[in-house]
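Next comes structure37.txt, a file with compact mmCIF, C-alpha atoms.
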# COMPACT_ATOMS: atom_id res chain seq x y z
CA MET A 1 96.35 154.72 11.18
CA PRO A 2 94.02 157.46 12.46
CA VAL A 3 93.07 160.17 10.01
CA LYS A 4 94.72 163.49 10.83
CA GLY A 5 92.27 166.26 11.47
CA LEU A 6 89.25 163.94 11.60
CA LYS A 7 86.02 165.90 12.10
CA ILE A 8 82.99 164.00 13.43
CA ALA A 9 79.65 165.35 14.62
CA VAL A 10 77.49 163.09 16.83
CA SER A 11 73.74 163.68 17.11
CA GLY A 12 70.53 161.87 18.02
CA LYS A 13 67.44 162.05 20.19
CA GLY A 14 68.03 162.95 23.83
CA GLY A 15 68.97 160.01 26.04
CA VAL A 16 70.11 157.65 23.28
CA GLY A 17 73.76 157.68 24.35
CA LYS A 18 75.36 160.13 21.93
CA THR A 19 77.47 161.74 24.66
CA THR A 20 78.81 158.33 25.69
CA ILE A 21 79.73 157.55 22.10
CA ALA A 22 81.29 160.99 21.51
CA SER A 23 83.40 160.64 24.65
CA ILE A 24 84.68 157.20 23.63
CA LEU A 25 85.57 158.44 20.15
CA CYS A 26 87.65 161.17 21.80
CA ARG A 27 89.47 158.73 24.07
CA LEU A 28 90.14 156.22 21.28
CA LEU A 29 91.74 158.90 19.13
CA ALA A 30 93.71 160.36 22.05
CA GLU A 31 95.07 156.90 22.93
CA LYS A 32 96.48 156.72 19.39
CA GLY A 33 98.38 159.95 19.97
CA VAL A 34 95.98 162.15 18.00
CA GLN A 35 95.42 165.68 19.29
CA VAL A 36 91.70 165.82 20.08
CA LEU A 37 89.35 168.71 20.74
CA ALA A 38 86.01 167.65 22.21
CA VAL A 39 83.28 170.22 21.55
CA ASP A 40 80.16 170.09 23.71
CA ALA A 41 77.46 171.77 21.62
CA ASP A 42 74.55 170.23 23.53
CA PRO A 43 72.64 172.61 25.87
CA ASP A 44 72.46 169.73 28.36
CA ALA A 45 76.23 169.67 28.62
CA ASN A 46 77.53 166.32 29.90
CA LEU A 47 80.47 165.57 27.64
CA GLY A 48 83.00 166.73 30.21
CA MET A 49 81.71 164.31 32.83
CA ALA A 50 81.68 161.46 30.29
CA LEU A 51 85.33 162.24 29.57
CA GLY A 52 86.22 162.03 33.27
CA TYR A 53 86.52 165.70 34.12
CA THR A 54 85.89 166.50 37.77
CA ALA A 55 83.43 169.22 38.78
CA ALA A 56 86.40 171.39 39.79
CA GLU A 57 88.07 170.96 36.40
CA LEU A 58 84.85 171.78 34.56
CA ALA A 59 84.40 174.88 36.70
CA GLN A 60 87.69 176.18 35.31
CA GLY A 61 86.23 176.27 31.80
CA ARG A 62 83.58 178.82 30.90
CA THR A 63 80.64 178.11 28.61
CA ILE A 64 80.82 180.41 25.62
CA ALA A 65 77.08 180.97 25.17
CA HIS A 66 76.82 182.19 28.76
CA ASP A 67 79.64 184.73 28.46
CA LYS A 68 77.53 187.84 27.86
CA ALA A 69 80.55 190.13 27.73
CA LEU A 70 82.14 188.07 24.95
CA ILE A 71 78.92 187.91 22.93
CA LYS A 72 78.40 191.66 23.16
CA ALA A 73 82.04 192.41 22.31
CA ARG A 74 82.07 190.16 19.23
CA THR A 75 78.56 190.70 17.84
CA GLY A 76 77.77 194.21 19.05
CA ALA A 77 74.45 193.04 20.51
CA GLU A 78 73.23 192.73 24.07
CA PRO A 79 72.48 189.02 24.71
CA GLY A 80 68.78 188.24 25.00
CA GLU A 81 67.58 191.62 23.75
CA PRO A 82 65.36 191.51 20.63
CA GLY A 83 65.39 193.91 17.68
CA GLN A 84 69.13 194.64 17.60
CA TRP A 85 71.62 194.90 14.78
CA PHE A 86 74.54 192.53 15.19
CA THR A 87 77.60 191.33 13.31
CA LEU A 88 76.88 188.27 11.17
CA ASN A 89 80.55 187.28 10.86
CA PRO A 90 82.16 187.91 14.27
CA ARG A 91 85.87 187.32 14.90
CA VAL A 92 86.27 183.96 16.63
CA SER A 93 89.77 182.63 15.89
CA ASP A 94 91.17 183.69 19.27
CA ILE A 95 88.22 182.38 21.32
CA PRO A 96 88.87 178.62 21.74
CA GLU A 97 92.14 178.79 23.69
CA GLN A 98 90.53 181.07 26.30
CA TYR A 99 87.85 178.48 27.10
CA ILE A 100 89.52 175.08 26.66
CA VAL A 101 90.29 172.75 29.57
CA SER A 102 92.25 169.50 29.26
CA HIS A 103 92.01 166.00 30.78
CA HIS A 104 93.32 162.54 29.75
CA GLY A 105 94.84 164.05 26.61
CA VAL A 106 91.46 165.39 25.43
CA ARG A 107 90.84 169.12 25.31
CA LEU A 108 87.26 170.26 25.94
CA LEU A 109 85.41 173.31 24.68
CA GLN A 110 81.90 173.89 26.09
CA MET A 111 79.83 175.95 23.67
CA GLY A 112 76.39 175.84 25.28
CA ASN A 113 73.18 177.24 23.84
CA MET A 114 70.87 180.11 24.81
CA SER A 115 67.83 178.96 22.81
CA LYS A 116 65.42 178.16 25.62
CA GLY A 117 62.17 179.43 27.01
CA GLY A 118 62.41 182.82 28.70
CA SER A 119 65.93 183.59 27.51
CA GLY A 120 64.84 186.18 24.97
CA CYS A 121 66.27 186.53 21.49
CA ALA A 122 69.32 184.30 21.03
CA CYS A 123 70.20 185.39 17.49
CA ALA A 124 73.54 186.98 18.39
CA GLU A 125 74.56 184.06 20.61
CA ASN A 126 73.69 181.48 17.98
CA THR A 127 75.47 183.46 15.28
CA LEU A 128 78.63 183.47 17.40
CA LEU A 129 78.35 179.74 18.11
CA LYS A 130 77.73 178.84 14.49
CA THR A 131 80.66 180.98 13.32
CA LEU A 132 82.89 179.43 15.98
CA LEU A 133 81.96 175.87 15.00
CA ASN A 134 82.65 176.72 11.36
CA HIS A 135 86.10 177.99 12.37
CA LEU A 136 86.82 174.84 14.38
CA MET A 137 85.78 172.48 11.60
CA VAL A 138 87.29 174.34 8.67
CA GLU A 139 90.46 176.00 9.96
CA ARG A 140 91.86 173.87 12.78
CA ASP A 141 94.09 170.83 12.26
CA GLU A 142 93.34 168.64 15.28
CA ALA A 143 90.70 165.94 15.36
CA ILE A 144 87.39 167.40 16.49
CA ILE A 145 84.48 165.43 17.94
CA VAL A 146 81.28 167.46 18.40
CA ASP A 147 78.53 166.32 20.76
CA MET A 148 75.52 167.93 19.09
CA GLU A 149 72.01 168.48 20.31
CA ALA A 150 69.28 166.50 18.53
CA GLY A 151 69.53 168.36 15.24
CA VAL A 152 71.87 170.45 13.13
CA GLU A 153 71.27 173.81 14.82
CA HIS A 154 74.93 174.82 14.99
CA LEU A 155 75.80 173.64 11.48
CA GLY A 156 75.91 175.91 8.47
CA ARG A 157 76.78 174.94 4.92
CA GLY A 158 80.42 175.93 5.37
CA THR A 159 80.71 173.79 8.48
CA ALA A 160 78.92 170.88 6.87
CA GLN A 161 81.41 170.73 4.02
CA ALA A 162 84.21 170.17 6.55
CA VAL A 163 82.48 167.36 8.47
CA ASP A 164 84.13 164.04 7.64
CA ALA A 165 81.34 162.00 9.19
CA PHE A 166 78.00 162.66 10.85
CA ILE A 167 76.96 159.95 13.31
CA VAL A 168 73.31 159.65 14.30
CA VAL A 169 72.83 157.58 17.45
CA VAL A 170 69.58 155.64 17.51
CA GLU A 171 67.73 153.32 19.88
CA PRO A 172 65.43 150.53 18.61
CA GLY A 173 62.24 152.57 19.02
CA GLN A 174 59.99 154.43 16.60
CA ARG A 175 60.53 157.88 18.14
CA SER A 176 64.28 157.51 18.16
CA MET A 177 64.32 156.24 14.57
CA ALA A 178 62.04 159.09 13.43
CA THR A 179 64.44 161.59 15.00
CA ALA A 180 67.38 159.83 13.36
CA ARG A 181 65.77 160.01 9.91
CA THR A 182 64.99 163.72 10.37
CA VAL A 183 68.51 164.54 11.53
CA ALA A 184 70.00 162.53 8.66
CA ARG A 185 67.80 164.34 6.14
CA LEU A 186 68.75 167.77 7.51
CA ALA A 187 72.43 166.83 7.45
CA ALA A 188 72.13 165.66 3.84
CA ASP A 189 70.34 168.91 2.94
CA LEU A 190 73.40 170.79 4.20
CA GLY A 191 75.63 168.72 1.94
CA ILE A 192 77.07 166.26 4.47
CA GLU A 193 77.85 163.22 2.36
CA ARG A 194 78.79 160.66 5.02
CA VAL A 195 75.89 160.19 7.45
CA TYR A 196 76.01 156.98 9.50
CA ALA A 197 73.89 155.37 12.22
CA VAL A 198 75.15 153.79 15.42
CA ALA A 199 72.55 151.75 17.32
CA ASN A 200 72.56 151.69 21.11
CA LYS A 201 70.76 149.44 23.63
CA VAL A 202 69.78 147.07 20.84
CA ALA A 203 69.21 143.31 21.18
CA PRO A 204 71.26 141.16 18.76
CA ASP A 205 68.16 139.75 17.07
CA HIS A 206 66.88 143.28 16.32
CA VAL A 207 70.00 144.50 14.50
CA ALA A 208 69.02 143.23 11.03
CA ALA A 209 65.54 144.79 11.21
CA LEU A 210 66.96 148.08 12.50
CA LYS A 211 69.51 148.16 9.70
CA GLU A 212 66.68 147.73 7.19
CA GLU A 213 64.57 150.45 8.86
CA LEU A 214 67.37 153.00 8.69
CA LEU A 215 68.25 152.58 5.01
CA PRO A 216 69.75 154.30 3.09
CA MET A 217 71.69 155.43 6.17
CA PRO A 218 74.34 152.73 6.89
CA LEU A 219 74.35 151.17 10.36
CA ILE A 220 78.06 150.96 11.22
CA ALA A 221 77.93 149.72 14.83
CA ALA A 222 75.38 148.10 17.15
CA ILE A 223 75.79 148.39 20.91
CA GLY A 224 73.82 146.07 23.16
CA TYR A 225 72.29 147.06 26.46
CA ALA A 226 75.23 147.46 28.83
CA PRO A 227 74.62 147.48 32.61
CA SER A 228 78.25 148.60 32.92
CA ALA A 229 77.24 152.01 31.51
CA VAL A 230 74.79 152.50 34.38
CA GLN A 231 77.44 151.37 36.85
CA ALA A 232 80.01 153.78 35.38
CA ASP A 233 77.62 156.69 35.71
CA PHE A 234 76.73 155.70 39.29
CA GLN A 235 80.41 155.43 40.27
CA GLY A 236 81.41 158.62 38.49
CA LYS A 237 83.69 156.67 36.15
CA THR A 238 83.95 157.06 32.39
CA PRO A 239 82.38 154.67 29.86
CA TYR A 240 85.84 154.29 28.33
CA GLU A 241 87.11 152.84 31.62
CA LEU A 242 84.24 150.53 32.58
CA CYS A 243 82.41 149.61 29.36
CA PRO A 244 84.71 147.53 27.12
CA GLU A 245 81.76 146.15 25.12
CA ILE A 246 80.70 149.68 24.17
CA VAL A 247 84.28 150.73 23.44
CA ALA A 248 84.66 147.77 21.06
CA GLU A 249 81.61 148.80 19.02
CA VAL A 250 82.61 152.46 18.91
CA GLN A 251 86.03 151.30 17.69
CA LYS A 252 84.24 149.46 14.86
CA ALA A 253 82.46 152.69 13.90
CA LEU A 254 85.73 154.63 13.98
CA ASP A 255 87.49 151.96 11.89
CA TYR A 256 84.65 152.09 9.35
CA ILE A 257 84.86 155.88 9.03
CA GLU A 258 88.64 155.89 8.72
CA ALA A 259 88.51 153.17 6.05
CA VAL A 260 85.99 155.17 4.00
CA LEU A 261 88.12 158.32 4.25
CA GLU A 262 91.28 156.48 3.24
CA LYS A 263 89.79 155.19 -0.02
If you convert what's in this file into structure tokens, what do you get?
Amino acid sequence: MPVKGLKIAVSGKGGVGKTTIASILCRLLAEKGVQVLAVDADPDANLGMALGYTAAELAQGRTIAHDKALIKARTGAEPGEPGQWFTLNPRVSDIPEQYIVSHHGVRLLQMGNMSKGGSGCACAENTLLKTLLNHLMVERDEAIIVDMEAGVEHLGRGTAQAVDAFIVVVEPGQRSMATARTVARLAADLGIERVYAVANKVAPDHVAALKEELLPMPLIAAIGYAPSAVQADFQGKTPYELCPEIVAEVQKALDYIEAVLEK
């Protein structure tokens, strides 16, 4: 049986497939009748498309980090302006329902990120996002899957304590593995106890060596190179629909996490 209120954060180096894996986790839980909130916390927001949202449906949902009026109202600071005083603990409990869109039984919240070149100071924006993620993880009852950027930028210690599992997606390459080790270390520093690796685009005869390289982080699923994922993207279909081999491995990862939590 799925764990009620399961909270999973998915991270990894850009391009390794974390959004694909996050989207499949959402669909697997939704198919079991679990209420799921998918949170896109990656500045390069693609989770909605991976879940099968159309461009029109995504246009109905606003990205929180880009809502300057909201940021100013809740933090007291003008977005992008340096040297301002702002509220460190803004009210966020009423925010999610104003921004959520729904598709295939999965509700989506696009958080966004303002930390980029030329955007000015993003302290107020990031404070709002971090407080919101803490609220989602700690105070809400539904299952929450967060598609993170390559790091733990949005996580604070309070949030970290509520994360049931932190998945680091890794490809069989030195740069990807270095990123995975860094992300895992940062997550552990925040107090996240269950940090797991999921390998993507890995040849079967490389799995054992990759598992050894990633220790002490357990490798809980290994996905081979899947041409069907390229085809799904080209056709505008979801990985859940066209990539059964990927879905099967993500199911293994979900089963592993649920078994650990049920002990």
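Distance-wise, atom CA of Leu190 of chain A and atom CA of Gly5 of chain A end up 20.7 Å apart.
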Practice prompt. Kindly extract all protein, DNA and RNA residues lying within 12 Å of the coordinates (95.4, 161.4, 16.8) given in the file, considering all atoms listed in the file, and supply them as a ChimeraX atom specification.
Written response: /A:1-7,25-37,105-106,141-145,258
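The nearest approach to Gly15 of chain A among the residues A:Gln251, A:Gln110, A:Thr63, A:Ser176, with only C-alpha atoms taken into account, belongs to A:Ser176.
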Worksheet item: Using all atoms listed in the file, which of A:Met217, A:Ala184, A:Leu132, A:Ile246 sits nearest Asp94 of chain A?
Response: A:Leu132
Discussion item. Can you tell me which residues surround segment 164-170 of chain A at a distance of at most 8 Å, considering only C-alpha atoms, apart from same-chain residues fewer than 2 positions away, and format the answer as a PyMOL selection string?
Written reply: chain A and resi 6-13+16-18+162+172+176-177+180+183-184+187+192-200+257+261
Based on the selection just made, write C-alpha atoms of those residues as a CSV table (one decimal), in the coordinates of the input.
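What ended up in again-v2.csv:
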chain,number,residue,atom,x,y,z
A,6,LEU,CA,89.2,163.9,11.6
A,7,LYS,CA,86.0,165.9,12.1
A,8,ILE,CA,83.0,164.0,13.4
A,9,ALA,CA,79.6,165.4,14.6
A,10,VAL,CA,77.5,163.1,16.8
A,11,SER,CA,73.7,163.7,17.1
A,12,GLY,CA,70.5,161.9,18.0
A,13,LYS,CA,67.4,162.0,20.2
A,16,VAL,CA,70.1,157.6,23.3
A,17,GLY,CA,73.8,157.7,24.4
A,18,LYS,CA,75.4,160.1,21.9
A,162,ALA,CA,84.2,170.2,6.6
A,172,PRO,CA,65.4,150.5,18.6
A,176,SER,CA,64.3,157.5,18.2
A,177,MET,CA,64.3,156.2,14.6
A,180,ALA,CA,67.4,159.8,13.4
A,183,VAL,CA,68.5,164.5,11.5
A,184,ALA,CA,70.0,162.5,8.7
A,187,ALA,CA,72.4,166.8,7.4
A,192,ILE,CA,77.1,166.3,4.5
A,193,GLU,CA,77.8,163.2,2.4
A,194,ARG,CA,78.8,160.7,5.0
A,195,VAL,CA,75.9,160.2,7.4
A,196,TYR,CA,76.0,157.0,9.5
A,197,ALA,CA,73.9,155.4,12.2
A,198,VAL,CA,75.2,153.8,15.4
A,199,ALA,CA,72.6,151.8,17.3
A,200,ASN,CA,72.6,151.7,21.1
A,257,ILE,CA,84.9,155.9,9.0
A,261,LEU,CA,88.1,158.3,4.2
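Atom CA of Asp40 of chain A is positioned 11.9 Å from atom CA of Tyr99 of chain A.
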Discussion item. When you count only C-alpha atoms, which of these residues is closest to Arg175 of chain A: A:Asn134, A:Gln235, A:Asp205, A:Gly14?
Written reply: A:Gly14
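Between Gly76 of chain A and the residues A:Leu58, A:Val101, A:Leu47, A:Leu128, the shortest atom-to-atom distance, using all atoms listed in the file, involves A:Leu128.
The space separating atom CA of Arg91 of chain A from atom CA of Arg74 of chain A comes to 6.4 Å.
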